[in-house]
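Before any comments, here is the structure.
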Amino acid sequence: MTGGAAALQAQLSGAGYVASDELAMALYLALELERPLLLEGAAGVGKTEVAKVLAALKSAPLIRLQCYEGLDASHAIYEWNYQRQLLAIRAAGESGAAGPGLEARIFSEDYLLERPLLQAIRQAVPPVLLIDEIDRADEEFEAYLLEILSDFTISIPELGTIHATARPHVILTSNGTRDLSDALRRRCIYAYVEYPDPATELAILEKRHPGLEPRLAAQIVGFVQALRREDLDKVPGVAETLDFAAAVSGLGVADLTDDPGTLQAALVTLLKTQADRARVPSEVAQRLAGRAA
Amino acid sequence: MSGVTRFPARATGPAERMAGFMAHLRLNGLAAGVDGTATALAAAARVDPTDPGQLRLALKAVCAGTRDEADRFDDLFAAWWLNRGRERAGAGPGKTAEPRRRSPFVTEALSALGRGQADRPEGGEGAADQSGEGRLVGARVARLDRTDLRDLVSPEDIAEAEATARRIAQAIRDRRARRFRADRRGARVDLRRTLRASVATGGEPLRLFRRTRPDRPANIVALCDVSGSMTVYARVFLSFLKGLIGADFRADAYLFHTRLVRITDALRDPDPLRAVNRLSLMAQGFGGGTRIGGALAAFNRGHAKARVNGRSVVIVLSDGYDTDPPGMIGAELARLRKRGCRIVWLNPLLGWRDYAPVARGMAAALPHLDHFAAANTLAALAALEPELARL
């Protein structure tokens, strides 16, 4: 790759994130065309990390909205601080200061609780807005989100319409638990994030654990890659690989095939269900490690 | 040559070429909107357009919207921009096919869906040979030797199955949600909202707001066996699936024989011609042997992770004759059940007199099922409604 996308890829790499060509290009275009970026992929392939690294690169604040079923406007956009408003009313009533000015006062900025979306459009510098696991939110919220993402204005009845002071860089992630609407997909730049290939994963490992001995690093990557091909309920992601590397080096292992007991103990960082543990007994782990060596 | 030349194969301007590419994507089932061309041009302007690799990555990010589309994009890109896999039998200048969506031809064909005349390019076969349209050749030729599902779905069946499926979808539908939402006649008082409103009345809660747990729809996931022993029922079941998908936008459908394929997108395709073609392509191996255990295992490993949760109802349409070891069905169903879903098995043979589920696969499956019922006709399917509602 050449040009802006390659430069961005190099910058990301400098910040500790190894992006594939596809992802780098999608991110570059999303920034250039000022479109939201929709990332899909299995859990643990580094979708959320993209936003964090981008925020670090741009030295911009990262604002995160974690979606869940039943997420509504008062949790995503804004809410009035009712308790304080009530207190102010009582206090004003007792001191006899209640009057027409009171209403204006309690519906002012001081009593407004900013939730992530409102917060994101009122920043001085363009922030990175991470909308995590959008597929978990309801369809109604998705429709509402579309509206905000298209014109970046939010209207609060008591205060009026708030326009964006800075256009946030929006990154949406999805695990594919339901189909997203075509309207949302159409508006976004799309990239599917795959599990990294061995070379990429090795590069990631070297970035995150620079002290690791190259031979052991290669062995760890080979082992995890082989493990991904096994029939598992929960396939280990990149985050798990990093945990595993930390565990292995923390346990003082120089070679995965050395000590079956220690390897089996370190597997708790990779295999997260009882069934998966049962599927990879010591012999299987040894066979995989032996092949990776 | 019939057909209208809209974009010559070697158009002069990049805008025209890009518009042609968008039409090509639409023809192949990607949702490239009208504004897509402008976005694609804007994206192309930001990379080195003489480098095909860069252009491919850029256009992929802009035009693809799902994983499936992203996977297919590279081939489509190569077909259009690099002339790979295109039909180029004629020596004359090639033509792009007119996008067929919403043309009168389609409206006619819509009513003819299932009468075996769906995919005839305008002007008959000869025209298809001569026009250099950018559809992949493989998609055209390889289809001929496969069983054609078109013959299996008649319009009447579709109408009837849709009605049945819609009723069943409604019967299965509702489950209590955990979270609350505003409701005028809800059981609980929404304290926060009431307090907020009370600010307007000087702190006196005059208006009570209530909230309730809404009923949330269950997702229906249907797995349909189309192996040799099931061929006679395929007609009914496919129309049933089509109805199910049409009635409920959350529903998900799969076919399996020796492999498992997801057909939701194909069934949901607004262009009936393309839907039938895509289905036919997927039905490779249709009418052959069955690997129920293997198909369930593939489902568990892949799609189930994302699509089956505690609010799902998995419907398996199969006769239970399996070539995999019988223990496998039991083990895979047990694994599927751990996701918290309900499993319904509809077996056409159960409609027979004196049938007992002695097929070993079926016997292994029984302990894991929430409901086991007959389904050899649409009437039998319709009769399921009250049973399924009780699940």
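Lettering and numbering for the structure tokens are positional, with chains as A, B, ... in the shown order, residues counted from 1 in each chain, and ligands counted from 1 in the shown order.
Residue-level contacts from chain A to chain B at 6 Å, counting only C-alpha atoms, read Glu22, Ala26, Tyr82, Gly176, Thr177, Arg185, Ile189, Tyr190 and Ala191 of chain A.
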Taking the chain letters and numbering used in this document, name the residues of stretch 169-245 of chain A that DSSP puts in alpha helix (DSSP H), as a short mmCIF file (atom, residue, chain, number, x, y, z; two decimals) with all heavy atoms, in the first residue's frame.
```
data_model
loop_
_atom_site.label_atom_id
_atom_site.label_comp_id
_atom_site.auth_asym_id
_atom_site.auth_seq_id
_atom_site.Cartn_x
_atom_site.Cartn_y
_atom_site.Cartn_z
N ASP A 182 -30.15 -1.99 6.82
CA ASP A 182 -29.43 -1.59 5.62
C ASP A 182 -29.09 -0.11 5.65
O ASP A 182 -28.05 0.31 5.17
CB ASP A 182 -30.27 -1.90 4.37
CG ASP A 182 -30.14 -3.36 3.97
OD1 ASP A 182 -29.27 -4.03 4.53
OD2 ASP A 182 -30.90 -3.80 3.11
N ALA A 183 -30.00 0.68 6.23
CA ALA A 183 -29.77 2.13 6.28
C ALA A 183 -28.48 2.44 7.03
O ALA A 183 -27.68 3.26 6.59
CB ALA A 183 -30.96 2.81 6.94
N LEU A 184 -28.29 1.75 8.14
CA LEU A 184 -27.09 2.00 8.93
C LEU A 184 -25.84 1.54 8.17
O LEU A 184 -24.83 2.24 8.12
CB LEU A 184 -27.18 1.27 10.27
CG LEU A 184 -26.02 1.52 11.22
CD1 LEU A 184 -26.11 2.93 11.77
CD2 LEU A 184 -26.03 0.54 12.37
N ARG A 185 -25.95 0.37 7.57
CA ARG A 185 -24.80 -0.16 6.82
C ARG A 185 -24.44 0.76 5.68
O ARG A 185 -23.27 0.97 5.37
CB ARG A 185 -25.13 -1.54 6.26
CG ARG A 185 -25.18 -2.61 7.31
CD ARG A 185 -25.40 -3.96 6.67
NE ARG A 185 -25.54 -4.99 7.66
CZ ARG A 185 -24.53 -5.54 8.31
NH1 ARG A 185 -23.30 -5.16 8.05
NH2 ARG A 185 -24.73 -6.46 9.21
N ARG A 186 -25.46 1.29 5.02
CA ARG A 186 -25.22 2.13 3.85
C ARG A 186 -24.47 3.40 4.24
O ARG A 186 -23.66 3.91 3.49
CB ARG A 186 -26.55 2.49 3.21
CG ARG A 186 -26.55 2.42 1.70
CD ARG A 186 -27.95 2.41 1.15
NE ARG A 186 -28.82 3.35 1.82
CZ ARG A 186 -28.78 4.67 1.63
NH1 ARG A 186 -27.93 5.18 0.80
NH2 ARG A 186 -29.60 5.46 2.27
N ARG A 187 -24.76 3.89 5.44
CA ARG A 187 -24.15 5.14 5.85
C ARG A 187 -22.69 4.97 6.29
O ARG A 187 -21.94 5.91 6.36
CB ARG A 187 -24.96 5.73 7.00
CG ARG A 187 -24.64 7.14 7.28
CD ARG A 187 -25.87 7.90 7.66
NE ARG A 187 -26.87 7.87 6.62
CZ ARG A 187 -28.14 8.24 6.81
NH1 ARG A 187 -28.52 8.64 7.98
NH2 ARG A 187 -28.99 8.19 5.82
N PRO A 198 -0.66 -15.64 10.94
CA PRO A 198 0.49 -15.83 11.85
C PRO A 198 1.46 -14.65 11.85
O PRO A 198 1.88 -14.20 12.91
CB PRO A 198 1.15 -17.10 11.30
CG PRO A 198 0.08 -17.84 10.64
CD PRO A 198 -0.88 -16.82 10.09
N ALA A 199 1.78 -14.12 10.66
CA ALA A 199 2.76 -13.04 10.59
C ALA A 199 2.24 -11.80 11.33
O ALA A 199 2.97 -11.18 12.12
CB ALA A 199 3.05 -12.70 9.13
N THR A 200 0.97 -11.49 11.10
CA THR A 200 0.39 -10.31 11.76
C THR A 200 0.35 -10.51 13.26
O THR A 200 0.68 -9.61 14.04
CB THR A 200 -1.04 -10.07 11.24
OG1 THR A 200 -1.03 -10.17 9.82
CG2 THR A 200 -1.54 -8.71 11.66
N GLU A 201 -0.06 -11.71 13.67
CA GLU A 201 -0.18 -11.95 15.10
C GLU A 201 1.19 -11.86 15.77
O GLU A 201 1.32 -11.34 16.88
CB GLU A 201 -0.83 -13.31 15.35
CG GLU A 201 -1.23 -13.49 16.80
CD GLU A 201 -2.30 -14.55 16.99
OE1 GLU A 201 -2.35 -15.48 16.17
OE2 GLU A 201 -3.05 -14.45 17.96
N LEU A 202 2.20 -12.35 15.05
CA LEU A 202 3.56 -12.27 15.59
C LEU A 202 3.97 -10.81 15.76
O LEU A 202 4.55 -10.41 16.78
CB LEU A 202 4.53 -12.99 14.65
CG LEU A 202 5.90 -13.32 15.22
CD1 LEU A 202 5.76 -14.21 16.44
CD2 LEU A 202 6.76 -14.01 14.17
N ALA A 203 3.62 -10.00 14.75
CA ALA A 203 3.94 -8.57 14.82
C ALA A 203 3.24 -7.92 16.01
O ALA A 203 3.84 -7.11 16.74
CB ALA A 203 3.53 -7.88 13.52
N ILE A 204 1.96 -8.31 16.23
CA ILE A 204 1.22 -7.75 17.36
C ILE A 204 1.90 -8.13 18.67
O ILE A 204 2.10 -7.31 19.56
CB ILE A 204 -0.23 -8.28 17.36
CG1 ILE A 204 -0.96 -7.79 16.12
CG2 ILE A 204 -0.97 -7.85 18.61
CD1 ILE A 204 -2.33 -8.41 15.92
N LEU A 205 2.27 -9.40 18.75
CA LEU A 205 2.90 -9.90 19.97
C LEU A 205 4.21 -9.16 20.25
O LEU A 205 4.50 -8.79 21.39
CB LEU A 205 3.14 -11.41 19.82
CG LEU A 205 3.43 -12.19 21.09
CD1 LEU A 205 2.31 -11.98 22.10
CD2 LEU A 205 3.57 -13.67 20.79
N GLU A 206 4.98 -8.92 19.18
CA GLU A 206 6.25 -8.21 19.37
C GLU A 206 6.02 -6.78 19.82
O GLU A 206 6.77 -6.24 20.63
CB GLU A 206 7.06 -8.24 18.07
CG GLU A 206 7.86 -9.52 17.94
CD GLU A 206 8.34 -9.77 16.53
OE1 GLU A 206 8.15 -8.89 15.67
OE2 GLU A 206 8.88 -10.86 16.28
N LYS A 207 4.95 -6.17 19.30
CA LYS A 207 4.63 -4.80 19.70
C LYS A 207 4.26 -4.74 21.17
O LYS A 207 4.68 -3.84 21.90
CB LYS A 207 3.44 -4.29 18.89
CG LYS A 207 3.79 -3.75 17.54
CD LYS A 207 3.95 -2.25 17.60
CE LYS A 207 4.32 -1.67 16.28
NZ LYS A 207 5.57 -2.17 15.72
N ARG A 208 3.44 -5.70 21.61
CA ARG A 208 2.89 -5.62 22.96
C ARG A 208 3.81 -6.23 24.02
O ARG A 208 3.78 -5.83 25.17
CB ARG A 208 1.52 -6.31 23.01
CG ARG A 208 0.46 -5.58 22.23
CD ARG A 208 0.35 -4.15 22.74
NE ARG A 208 -0.57 -3.36 21.97
CZ ARG A 208 -1.86 -3.22 22.28
NH1 ARG A 208 -2.35 -3.84 23.33
NH2 ARG A 208 -2.65 -2.49 21.54
N PRO A 214 12.26 -14.17 20.54
CA PRO A 214 11.62 -14.40 19.24
C PRO A 214 11.17 -15.84 19.02
O PRO A 214 10.09 -16.08 18.48
CB PRO A 214 12.72 -14.02 18.24
CG PRO A 214 13.62 -13.11 18.98
CD PRO A 214 13.56 -13.49 20.43
N ARG A 215 11.98 -16.79 19.47
CA ARG A 215 11.63 -18.19 19.23
C ARG A 215 10.36 -18.57 20.01
O ARG A 215 9.45 -19.22 19.49
CB ARG A 215 12.78 -19.10 19.64
CG ARG A 215 12.86 -20.40 18.84
CD ARG A 215 14.01 -21.26 19.32
NE ARG A 215 13.76 -21.78 20.66
CZ ARG A 215 13.02 -22.87 20.89
NH1 ARG A 215 12.51 -23.54 19.89
NH2 ARG A 215 12.81 -23.30 22.12
N LEU A 216 10.30 -18.11 21.26
CA LEU A 216 9.12 -18.41 22.08
C LEU A 216 7.89 -17.71 21.51
O LEU A 216 6.80 -18.28 21.48
CB LEU A 216 9.38 -17.96 23.53
CG LEU A 216 8.25 -18.24 24.51
CD1 LEU A 216 7.99 -19.73 24.62
CD2 LEU A 216 8.55 -17.65 25.88
N ALA A 217 8.09 -16.47 21.04
CA ALA A 217 6.97 -15.72 20.46
C ALA A 217 6.39 -16.47 19.27
O ALA A 217 5.17 -16.64 19.16
CB ALA A 217 7.43 -14.32 20.04
N ALA A 218 7.29 -16.95 18.40
CA ALA A 218 6.82 -17.70 17.23
C ALA A 218 6.08 -18.96 17.65
O ALA A 218 5.06 -19.33 17.07
CB ALA A 218 8.02 -18.07 16.35
N GLN A 219 6.59 -19.57 18.71
CA GLN A 219 5.97 -20.80 19.20
C GLN A 219 4.57 -20.52 19.76
O GLN A 219 3.62 -21.26 19.50
CB GLN A 219 6.86 -21.38 20.30
CG GLN A 219 6.76 -22.87 20.40
CD GLN A 219 7.71 -23.41 21.44
OE1 GLN A 219 8.19 -22.67 22.31
NE2 GLN A 219 7.99 -24.69 21.37
N ILE A 220 4.47 -19.42 20.50
CA ILE A 220 3.17 -19.05 21.08
C ILE A 220 2.15 -18.80 19.98
O ILE A 220 1.03 -19.31 20.00
CB ILE A 220 3.32 -17.79 21.97
CG1 ILE A 220 4.07 -18.15 23.25
CG2 ILE A 220 1.97 -17.19 22.29
CD1 ILE A 220 4.44 -16.96 24.10
N VAL A 221 2.57 -18.03 18.97
CA VAL A 221 1.66 -17.72 17.86
C VAL A 221 1.25 -18.99 17.12
O VAL A 221 0.07 -19.21 16.84
CB VAL A 221 2.31 -16.71 16.89
CG1 VAL A 221 1.50 -16.60 15.61
CG2 VAL A 221 2.43 -15.35 17.57
N GLY A 222 2.22 -19.86 16.85
CA GLY A 222 1.91 -21.12 16.18
C GLY A 222 0.92 -21.94 16.99
O GLY A 222 -0.02 -22.53 16.45
N PHE A 223 1.12 -21.95 18.30
CA PHE A 223 0.25 -22.73 19.20
C PHE A 223 -1.18 -22.19 19.17
O PHE A 223 -2.14 -22.94 19.00
CB PHE A 223 0.82 -22.68 20.61
CG PHE A 223 0.01 -23.43 21.62
CD1 PHE A 223 0.02 -24.83 21.62
CD2 PHE A 223 -0.76 -22.77 22.54
CE1 PHE A 223 -0.73 -25.53 22.54
CE2 PHE A 223 -1.51 -23.47 23.47
CZ PHE A 223 -1.50 -24.85 23.47
N VAL A 224 -1.30 -20.87 19.29
CA VAL A 224 -2.64 -20.28 19.31
C VAL A 224 -3.34 -20.47 17.97
O VAL A 224 -4.53 -20.78 17.90
CB VAL A 224 -2.58 -18.78 19.69
CG1 VAL A 224 -3.95 -18.16 19.61
CG2 VAL A 224 -2.01 -18.62 21.08
N GLN A 225 -2.56 -20.30 16.89
CA GLN A 225 -3.15 -20.49 15.56
C GLN A 225 -3.65 -21.92 15.39
O GLN A 225 -4.72 -22.14 14.83
CB GLN A 225 -2.12 -20.16 14.48
CG GLN A 225 -1.71 -18.70 14.45
CD GLN A 225 -2.53 -17.88 13.48
OE1 GLN A 225 -3.17 -18.41 12.60
NE2 GLN A 225 -2.52 -16.56 13.65
N ALA A 226 -2.88 -22.88 15.88
CA ALA A 226 -3.30 -24.27 15.79
C ALA A 226 -4.54 -24.51 16.64
O ALA A 226 -5.46 -25.23 16.25
CB ALA A 226 -2.16 -25.19 16.24
N LEU A 227 -4.56 -23.86 17.80
CA LEU A 227 -5.70 -24.01 18.71
C LEU A 227 -6.98 -23.48 18.08
O LEU A 227 -8.06 -24.03 18.27
CB LEU A 227 -5.39 -23.25 20.01
CG LEU A 227 -6.13 -23.69 21.26
CD1 LEU A 227 -5.83 -25.13 21.58
CD2 LEU A 227 -5.74 -22.80 22.43
N ARG A 228 -6.85 -22.42 17.28
CA ARG A 228 -8.04 -21.84 16.62
C ARG A 228 -8.65 -22.81 15.63
O ARG A 228 -9.81 -22.72 15.32
CB ARG A 228 -7.67 -20.54 15.90
CG ARG A 228 -7.54 -19.39 16.83
CD ARG A 228 -7.59 -18.06 16.16
NE ARG A 228 -7.18 -17.07 17.14
CZ ARG A 228 -6.14 -16.27 17.02
NH1 ARG A 228 -5.44 -16.28 15.91
NH2 ARG A 228 -5.82 -15.44 17.99
N ARG A 229 -7.83 -23.71 15.11
CA ARG A 229 -8.37 -24.66 14.14
C ARG A 229 -9.06 -25.84 14.82
O ARG A 229 -9.73 -26.62 14.18
CB ARG A 229 -7.26 -25.15 13.21
CG ARG A 229 -6.86 -24.13 12.17
CD ARG A 229 -5.96 -24.73 11.12
NE ARG A 229 -4.66 -25.09 11.64
CZ ARG A 229 -3.63 -24.23 11.70
NH1 ARG A 229 -3.76 -23.01 11.26
NH2 ARG A 229 -2.47 -24.61 12.18
N VAL A 238 -7.20 -12.22 19.94
CA VAL A 238 -5.86 -11.66 20.07
C VAL A 238 -5.56 -11.30 21.52
O VAL A 238 -4.45 -11.50 22.02
CB VAL A 238 -5.70 -10.43 19.16
CG1 VAL A 238 -4.31 -9.86 19.30
CG2 VAL A 238 -5.97 -10.80 17.73
N ALA A 239 -6.58 -10.77 22.19
CA ALA A 239 -6.39 -10.40 23.60
C ALA A 239 -5.95 -11.62 24.41
O ALA A 239 -5.07 -11.52 25.27
CB ALA A 239 -7.69 -9.83 24.15
N GLU A 240 -6.55 -12.76 24.11
CA GLU A 240 -6.19 -13.99 24.82
C GLU A 240 -4.75 -14.41 24.51
O GLU A 240 -4.04 -14.87 25.39
CB GLU A 240 -7.15 -15.13 24.46
CG GLU A 240 -8.41 -15.17 25.29
CD GLU A 240 -9.56 -14.42 24.65
OE1 GLU A 240 -9.29 -13.65 23.69
OE2 GLU A 240 -10.70 -14.59 25.08
N THR A 241 -4.34 -14.22 23.25
CA THR A 241 -2.96 -14.54 22.89
C THR A 241 -2.00 -13.73 23.75
O THR A 241 -1.00 -14.25 24.26
CB THR A 241 -2.69 -14.22 21.41
OG1 THR A 241 -3.71 -14.79 20.63
CG2 THR A 241 -1.35 -14.75 20.97
N LEU A 242 -2.31 -12.43 23.90
CA LEU A 242 -1.43 -11.56 24.68
C LEU A 242 -1.40 -11.99 26.14
O LEU A 242 -0.34 -12.04 26.76
CB LEU A 242 -1.90 -10.10 24.56
CG LEU A 242 -1.81 -9.53 23.15
CD1 LEU A 242 -2.37 -8.12 23.09
CD2 LEU A 242 -0.38 -9.54 22.64
N ASP A 243 -2.59 -12.34 26.67
CA ASP A 243 -2.64 -12.84 28.05
C ASP A 243 -1.79 -14.10 28.19
O ASP A 243 -1.05 -14.27 29.16
CB ASP A 243 -4.08 -13.19 28.44
CG ASP A 243 -4.89 -11.95 28.73
OD1 ASP A 243 -4.27 -10.87 28.79
OD2 ASP A 243 -6.12 -12.06 28.86
N PHE A 244 -1.94 -14.98 27.20
CA PHE A 244 -1.22 -16.25 27.24
C PHE A 244 0.28 -16.00 27.22
O PHE A 244 1.04 -16.59 27.99
CB PHE A 244 -1.65 -17.10 26.04
CG PHE A 244 -0.99 -18.44 25.95
CD1 PHE A 244 -1.17 -19.38 26.94
CD2 PHE A 244 -0.19 -18.76 24.86
CE1 PHE A 244 -0.57 -20.63 26.86
CE2 PHE A 244 0.41 -20.00 24.78
CZ PHE A 244 0.22 -20.94 25.78
N ALA A 245 0.72 -15.07 26.35
CA ALA A 245 2.14 -14.75 26.28
C ALA A 245 2.63 -14.21 27.61
O ALA A 245 3.71 -14.59 28.10
CB ALA A 245 2.38 -13.74 25.16
#
```
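Between atom CA of B:Gly320 and atom CA of B:Leu388 lies a distance of 20.3 Å.
Here atom CA of A:Ser74 and atom CA of A:Ala137 stand 13.8 Å from one another.
Going from atom CA of B:Gly243 to atom CA of B:Asp271 covers 15.7 Å.
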**Asked** Running DSSP on the backbone, which parts of stretch 98-234 of chain A land in strand (DSSP E or B), as a PyMOL selection string?
**Response** chain A and resi 112-114+128-132+153-156+160-163+169-174+189-193
